[in-house]
Amino acid sequence: MEWEAISIKKMIRIVKDEGKKVILDTSGEYLEKGIESMPTMVKPNQDEIELLFHIKVRSREDVIEYAKKIYEKGIPYVVISLGGDGALLVCEKGIYQGKPPKIEVVNTVGCGDSMVGAFAVGLERHMEPEEALKFAVAVASANALSPLTGTFDTAKRDEIIKNVEIIKL
C-alpha cells in the first residue's frame, strides 16, 4: 500500500508536468499522498475527510473547515459530496453549496463518479466554478433518477439544472 500511495504522487506529477488537469477521487492513504502532489481537484466525502484528518465531522461547518484545510494545501478545487444535500465547493472565488431540487431517488450508485465527470467537463469547458458545481450537481441528481448505473437522461439533467440552487457561503 505504501508503495502504491507514493506511486499515486508520481502519477499526478507526471500528468501535471504535461500541463493537464488532475482530479483525484480516492480515499485513505491514496487521498493523503495524492493531495501532496496538488491535483487540480479532489472530491472527498464526509467519511473520507474523517479518515484524512482523524476527526469526527459533526456539522456542515466542520465539513467546510476541513475542506478549507485541503484547499490551503494548494488544491484549486475541493468538492465535498453531501449526498442528497448536493455538494460543497471551496475554491479561489469562495465557498459554495450546490443544492439539488428534491427528487425521487431510484439509484445512488455512480452519483459521485457522475459528479466528478461532470465537474471535469465543466473545467474543460472553462465554466466558472459555481457553474461547474451547478452542472455537476445536476448530472449527479439525474444519475440518481436512473435505474441503470452510470447513465442519465440529459433532458432530466437539463430540467434539474434549472432548479439547482447555488449558495455562496
# chains A, B, ... in the order shown; residues from 1 in each chain; ligands from 1

$ residues_around --residues "Ala138 in chain A" --least-positions-apart "5" --cutoff "10 Å" --atoms "only C-alpha atoms" --output "JSON list (two decimals) with N, CA, C and O atoms, in the first residue's frame"
[["chain", "number", "residue", "atom", "x", "y", "z"],
["A", 86, "GLY", "N", -26.46, 17.70, -2.01],
["A", 86, "GLY", "CA", -25.64, 18.28, -3.08],
["A", 86, "GLY", "C", -24.16, 18.19, -2.80],
["A", 86, "GLY", "O", -23.64, 17.12, -2.50],
["A", 98, "GLY", "N", -23.94, 23.68, -3.69],
["A", 98, "GLY", "CA", -24.89, 23.40, -4.76],
["A", 98, "GLY", "C", -25.94, 22.47, -4.20],
["A", 98, "GLY", "O", -25.63, 21.35, -3.79],
["A", 99, "LYS", "N", -27.19, 22.95, -4.16],
["A", 99, "LYS", "CA", -28.29, 22.17, -3.59],
["A", 99, "LYS", "C", -29.24, 21.73, -4.71],
["A", 99, "LYS", "O", -29.79, 22.58, -5.40],
["A", 100, "PRO", "N", -29.41, 20.42, -4.86],
["A", 100, "PRO", "CA", -30.32, 19.94, -5.90],
["A", 100, "PRO", "C", -31.78, 20.09, -5.46],
["A", 100, "PRO", "O", -32.07, 20.20, -4.26],
["A", 101, "PRO", "N", -32.69, 20.07, -6.42],
["A", 101, "PRO", "CA", -34.11, 20.03, -6.04],
["A", 101, "PRO", "C", -34.42, 18.66, -5.44],
["A", 101, "PRO", "O", -33.66, 17.71, -5.62],
["A", 114, "SER", "N", -20.41, 10.38, -11.34],
["A", 114, "SER", "CA", -21.06, 11.28, -12.28],
["A", 114, "SER", "C", -20.73, 12.73, -11.95],
["A", 114, "SER", "O", -20.50, 13.55, -12.85],
["A", 115, "MET", "N", -20.70, 13.05, -10.66],
["A", 115, "MET", "CA", -20.36, 14.40, -10.24],
["A", 115, "MET", "C", -18.94, 14.76, -10.66],
["A", 115, "MET", "O", -18.67, 15.84, -11.19],
["A", 118, "ALA", "N", -18.78, 15.24, -14.44],
["A", 118, "ALA", "CA", -19.41, 16.49, -14.85],
["A", 118, "ALA", "C", -18.53, 17.69, -14.48],
["A", 118, "ALA", "O", -18.44, 18.66, -15.24],
["A", 132, "ALA", "N", -19.76, 25.17, -12.86],
["A", 132, "ALA", "CA", -19.31, 23.77, -12.91],
["A", 132, "ALA", "C", -19.95, 22.98, -11.78],
["A", 132, "ALA", "O", -20.36, 21.83, -11.98],
["A", 133, "LEU", "N", -20.06, 23.59, -10.60],
["A", 133, "LEU", "CA", -20.71, 22.93, -9.46],
["A", 133, "LEU", "C", -22.18, 22.67, -9.78],
["A", 133, "LEU", "O", -22.70, 21.58, -9.53],
["A", 143, "ASN", "N", -28.37, 11.22, -12.52],
["A", 143, "ASN", "CA", -27.90, 9.83, -12.36],
["A", 143, "ASN", "C", -28.74, 9.11, -11.31],
["A", 143, "ASN", "O", -29.06, 7.94, -11.48],
["A", 144, "ALA", "N", -29.08, 9.80, -10.23],
["A", 144, "ALA", "CA", -29.87, 9.19, -9.15],
["A", 144, "ALA", "C", -31.28, 8.83, -9.59],
["A", 144, "ALA", "O", -31.95, 8.02, -8.94],
["A", 154, "THR", "N", -30.32, 13.15, -20.40],
["A", 154, "THR", "CA", -29.86, 14.54, -20.50],
["A", 154, "THR", "C", -31.02, 15.53, -20.39],
["A", 154, "THR", "O", -30.83, 16.64, -19.89],
["A", 156, "LYS", "N", -33.57, 15.17, -18.39],
["A", 156, "LYS", "CA", -33.80, 15.31, -16.94],
["A", 156, "LYS", "C", -32.72, 16.19, -16.32],
["A", 156, "LYS", "O", -32.99, 17.02, -15.47],
["A", 157, "ARG", "N", -31.45, 15.99, -16.77],
["A", 157, "ARG", "CA", -30.36, 16.85, -16.28],
["A", 157, "ARG", "C", -30.67, 18.32, -16.58],
["A", 157, "ARG", "O", -30.53, 19.19, -15.74],
["A", 158, "ASP", "N", -31.13, 18.57, -17.82],
["A", 158, "ASP", "CA", -31.41, 19.94, -18.23],
["A", 158, "ASP", "C", -32.56, 20.55, -17.43],
["A", 158, "ASP", "O", -32.57, 21.75, -17.16],
["A", 159, "GLU", "N", -33.52, 19.73, -17.04],
["A", 159, "GLU", "CA", -34.62, 20.21, -16.20],
["A", 159, "GLU", "C", -34.14, 20.45, -14.77],
["A", 159, "GLU", "O", -34.47, 21.46, -14.15],
["A", 160, "ILE", "N", -33.35, 19.53, -14.25],
["A", 160, "ILE", "CA", -32.83, 19.65, -12.88],
["A", 160, "ILE", "C", -31.94, 20.87, -12.74],
["A", 160, "ILE", "O", -32.03, 21.60, -11.75],
["A", 161, "ILE", "N", -31.08, 21.13, -13.72],
["A", 161, "ILE", "CA", -30.11, 22.22, -13.60],
["A", 161, "ILE", "C", -30.81, 23.57, -13.39],
["A", 161, "ILE", "O", -30.27, 24.45, -12.72],
["A", 162, "LYS", "N", -32.01, 23.71, -13.92],
["A", 162, "LYS", "CA", -32.78, 24.95, -13.74],
["A", 162, "LYS", "C", -33.14, 25.16, -12.27],
["A", 162, "LYS", "O", -33.41, 26.29, -11.86],
["A", 163, "ASN", "N", -33.16, 24.07, -11.51],
["A", 163, "ASN", "CA", -33.60, 24.14, -10.12],
["A", 163, "ASN", "C", -32.50, 23.86, -9.10],
["A", 163, "ASN", "O", -32.77, 23.73, -7.91],
["A", 164, "VAL", "N", -31.24, 23.74, -9.57],
["A", 164, "VAL", "CA", -30.12, 23.60, -8.64],
["A", 164, "VAL", "C", -29.82, 24.98, -8.08],
["A", 164, "VAL", "O", -29.65, 25.96, -8.83]]

$ residues_around --residues "Gly117 in chain A" --least-positions-apart "5" --cutoff "10 Å" --atoms "only C-alpha atoms" --output "list in words"
Ile23, Cys111, Gly112, Gly122, Leu123, Ala136, Val139 and Ala140 of chain A

$ write_last_selection --atoms "all heavy atoms" --output "compact mmCIF listing (two decimals), in the first residue's frame"
# COMPACT_ATOMS: atom_id res chain seq x y z
N ILE A 23 -7.85 15.29 -11.50
CA ILE A 23 -8.92 15.19 -10.49
C ILE A 23 -8.68 13.91 -9.71
O ILE A 23 -8.56 12.84 -10.29
CB ILE A 23 -10.31 15.19 -11.15
CG1 ILE A 23 -10.54 16.53 -11.86
CG2 ILE A 23 -11.39 14.92 -10.10
CD1 ILE A 23 -11.85 16.60 -12.61
N CYS A 111 -23.34 8.08 -8.50
CA CYS A 111 -23.62 9.52 -8.41
C CYS A 111 -22.34 10.34 -8.16
O CYS A 111 -22.15 11.38 -8.77
CB CYS A 111 -24.65 9.80 -7.32
SG CYS A 111 -26.32 9.27 -7.78
N GLY A 112 -21.49 9.85 -7.29
CA GLY A 112 -20.23 10.56 -7.03
C GLY A 112 -19.35 10.59 -8.26
O GLY A 112 -18.75 11.63 -8.59
N GLY A 122 -16.97 20.55 -16.85
CA GLY A 122 -17.05 21.98 -16.53
C GLY A 122 -15.69 22.66 -16.59
O GLY A 122 -15.55 23.76 -17.14
N LEU A 123 -14.67 22.00 -16.05
CA LEU A 123 -13.32 22.56 -16.12
C LEU A 123 -12.84 22.65 -17.56
O LEU A 123 -12.26 23.67 -17.97
CB LEU A 123 -12.35 21.70 -15.30
CG LEU A 123 -12.47 21.75 -13.78
CD1 LEU A 123 -11.53 20.73 -13.16
CD2 LEU A 123 -12.19 23.14 -13.25
N ALA A 136 -22.41 19.83 -12.20
CA ALA A 136 -22.06 18.56 -11.56
C ALA A 136 -23.18 18.05 -10.66
O ALA A 136 -23.49 16.86 -10.66
CB ALA A 136 -20.76 18.72 -10.77
N VAL A 139 -25.98 16.71 -12.94
CA VAL A 139 -25.66 15.41 -13.53
C VAL A 139 -25.77 14.31 -12.47
O VAL A 139 -26.35 13.24 -12.73
CB VAL A 139 -24.26 15.43 -14.17
CG1 VAL A 139 -23.79 14.02 -14.52
CG2 VAL A 139 -24.26 16.31 -15.42
N ALA A 140 -25.24 14.55 -11.28
CA ALA A 140 -25.33 13.54 -10.21
C ALA A 140 -26.78 13.27 -9.84
O ALA A 140 -27.17 12.12 -9.62
CB ALA A 140 -24.54 14.00 -8.98

$ residues_around --residues "range 55-71 of chain A" --least-positions-apart "5" --cutoff "10 Å" --atoms "only C-alpha atoms" --output "number ranges by chain"
A: 32, 35-36, 38, 41-47, 49-50, 76-80, 82, 88-92, 94-96, 169

$ write_last_selection --atoms "C-alpha atoms" --output "PDB file, in the first residue's frame"
ATOM      1  CA  GLU A  32      -3.446  11.722   1.717  1.00  0.00           C
ATOM      2  CA  ILE A  35      -3.039  15.698  -2.059  1.00  0.00           C
ATOM      3  CA  GLU A  36       0.703  16.207  -1.529  1.00  0.00           C
ATOM      4  CA  MET A  38      -1.579  19.164  -5.505  1.00  0.00           C
ATOM      5  CA  MET A  41      -9.383  18.979  -7.779  1.00  0.00           C
ATOM      6  CA  VAL A  42     -10.155  16.493  -5.027  1.00  0.00           C
ATOM      7  CA  LYS A  43     -13.621  15.146  -4.201  1.00  0.00           C
ATOM      8  CA  PRO A  44     -13.715  13.515  -0.806  1.00  0.00           C
ATOM      9  CA  ASN A  45     -16.926  12.795   1.028  1.00  0.00           C
ATOM     10  CA  GLN A  46     -17.533  13.242   4.745  1.00  0.00           C
ATOM     11  CA  ASP A  47     -16.224   9.768   5.645  1.00  0.00           C
ATOM     12  CA  ILE A  49     -12.500  13.728   5.424  1.00  0.00           C
ATOM     13  CA  GLU A  50     -12.876  11.982   8.780  1.00  0.00           C
ATOM     14  CA  PRO A  76      -7.550  24.771  -6.535  1.00  0.00           C
ATOM     15  CA  TYR A  77     -10.922  22.986  -6.282  1.00  0.00           C
ATOM     16  CA  VAL A  78     -12.130  20.989  -3.297  1.00  0.00           C
ATOM     17  CA  VAL A  79     -15.552  19.447  -3.874  1.00  0.00           C
ATOM     18  CA  ILE A  80     -17.214  17.650  -0.986  1.00  0.00           C
ATOM     19  CA  LEU A  82     -23.070  15.741   0.548  1.00  0.00           C
ATOM     20  CA  LEU A  88     -19.729  21.999  -1.312  1.00  0.00           C
ATOM     21  CA  LEU A  89     -17.020  23.696  -3.340  1.00  0.00           C
ATOM     22  CA  VAL A  90     -14.040  25.546  -1.899  1.00  0.00           C
ATOM     23  CA  CYS A  91     -12.042  27.487  -4.492  1.00  0.00           C
ATOM     24  CA  GLU A  92     -10.302  30.804  -5.046  1.00  0.00           C
ATOM     25  CA  GLY A  94     -15.081  31.384  -2.291  1.00  0.00           C
ATOM     26  CA  ILE A  95     -17.174  28.639  -0.754  1.00  0.00           C
ATOM     27  CA  TYR A  96     -20.345  27.464  -2.460  1.00  0.00           C
ATOM     28  CA  LEU A 169     -21.351  30.736   1.946  1.00  0.00           C
TER      29      LEU A 169
END

$ atom_distance --atom1 "CA of Val15 in chain A" --atom2 "CA of Lys73 in chain A"
18.7 Å

$ select_by_dssp --residues "chain A" --states "strand (DSSP E or B)" --output "list in words"
Ile23, Leu24, Met41, Val42, Asn45, Tyr77, Val78, Val79, Ile80, Ser81, Ala87, Leu88, Leu89, Val90, Cys91, Gly94, Ile95, Tyr96, Gln97, Gly98, Lys99, Glu165, Ile166, Ile167 and Lys168 of chain A

$ closest_residue --among "A:Glu29, A:Thr151, A:Ser7, A:Ile14" --to "Asp113 in chain A" --atoms "only C-alpha atoms"
A:Thr151

$ decode --residues "range 42-56 of chain A" --atoms "N, CA, C and O atoms" --output "mmCIF file, in the first residue's frame"
data_model
loop_
_atom_site.group_PDB
_atom_site.id
_atom_site.type_symbol
_atom_site.label_atom_id
_atom_site.label_comp_id
_atom_site.auth_asym_id
_atom_site.auth_seq_id
_atom_site.Cartn_x
_atom_site.Cartn_y
_atom_site.Cartn_z
ATOM 1 N N VAL A 42 -9.905 17.714 -5.795
ATOM 2 C CA VAL A 42 -10.155 16.493 -5.027
ATOM 3 C C VAL A 42 -11.638 16.483 -4.663
ATOM 4 O O VAL A 42 -12.259 17.541 -4.515
ATOM 5 N N LYS A 43 -12.206 15.273 -4.545
ATOM 6 C CA LYS A 43 -13.621 15.146 -4.201
ATOM 7 C C LYS A 43 -13.821 14.098 -3.098
ATOM 8 O O LYS A 43 -14.324 13.014 -3.335
ATOM 9 N N PRO A 44 -13.419 14.442 -1.896
ATOM 10 C CA PRO A 44 -13.715 13.515 -0.806
ATOM 11 C C PRO A 44 -15.163 13.671 -0.335
ATOM 12 O O PRO A 44 -15.800 14.690 -0.595
ATOM 13 N N ASN A 45 -15.643 12.661 0.358
ATOM 14 C CA ASN A 45 -16.926 12.795 1.028
ATOM 15 C C ASN A 45 -16.654 12.951 2.522
ATOM 16 O O ASN A 45 -15.499 13.004 2.952
ATOM 17 N N GLN A 46 -17.695 13.021 3.304
ATOM 18 C CA GLN A 46 -17.533 13.242 4.745
ATOM 19 C C GLN A 46 -16.708 12.136 5.403
ATOM 20 O O GLN A 46 -15.813 12.413 6.205
ATOM 21 N N ASP A 47 -16.975 10.884 5.055
ATOM 22 C CA ASP A 47 -16.224 9.768 5.645
ATOM 23 C C ASP A 47 -14.735 9.872 5.319
ATOM 24 O O ASP A 47 -13.880 9.600 6.164
ATOM 25 N N GLU A 48 -14.429 10.258 4.086
ATOM 26 C CA GLU A 48 -13.026 10.375 3.673
ATOM 27 C C GLU A 48 -12.328 11.531 4.379
ATOM 28 O O GLU A 48 -11.149 11.436 4.708
ATOM 29 N N ILE A 49 -13.064 12.612 4.649
ATOM 30 C CA ILE A 49 -12.500 13.728 5.424
ATOM 31 C C ILE A 49 -12.180 13.258 6.837
ATOM 32 O O ILE A 49 -11.129 13.578 7.388
ATOM 33 N N GLU A 50 -13.093 12.490 7.419
ATOM 34 C CA GLU A 50 -12.876 11.982 8.780
ATOM 35 C C GLU A 50 -11.623 11.113 8.837
ATOM 36 O O GLU A 50 -10.820 11.236 9.770
ATOM 37 N N LEU A 51 -11.439 10.250 7.841
ATOM 38 C CA LEU A 51 -10.247 9.396 7.800
ATOM 39 C C LEU A 51 -8.979 10.222 7.575
ATOM 40 O O LEU A 51 -7.950 9.978 8.204
ATOM 41 N N LEU A 52 -9.057 11.198 6.694
ATOM 42 C CA LEU A 52 -7.900 12.014 6.357
ATOM 43 C C LEU A 52 -7.394 12.815 7.547
ATOM 44 O O LEU A 52 -6.186 12.908 7.785
ATOM 45 N N PHE A 53 -8.322 13.383 8.322
ATOM 46 C CA PHE A 53 -7.937 14.261 9.431
ATOM 47 C C PHE A 53 -8.077 13.604 10.804
ATOM 48 O O PHE A 53 -7.803 14.250 11.818
ATOM 49 N N HIS A 54 -8.520 12.351 10.846
ATOM 50 C CA HIS A 54 -8.687 11.623 12.112
ATOM 51 C C HIS A 54 -9.608 12.388 13.062
ATOM 52 O O HIS A 54 -9.289 12.600 14.235
ATOM 53 N N ILE A 55 -10.754 12.803 12.513
ATOM 54 C CA ILE A 55 -11.729 13.563 13.295
ATOM 55 C C ILE A 55 -13.121 12.993 13.050
ATOM 56 O O ILE A 55 -13.303 12.118 12.192
ATOM 57 N N LYS A 56 -14.098 13.495 13.768
ATOM 58 C CA LYS A 56 -15.497 13.153 13.535
ATOM 59 C C LYS A 56 -16.205 14.430 13.089
ATOM 60 O O LYS A 56 -16.204 15.428 13.808
#
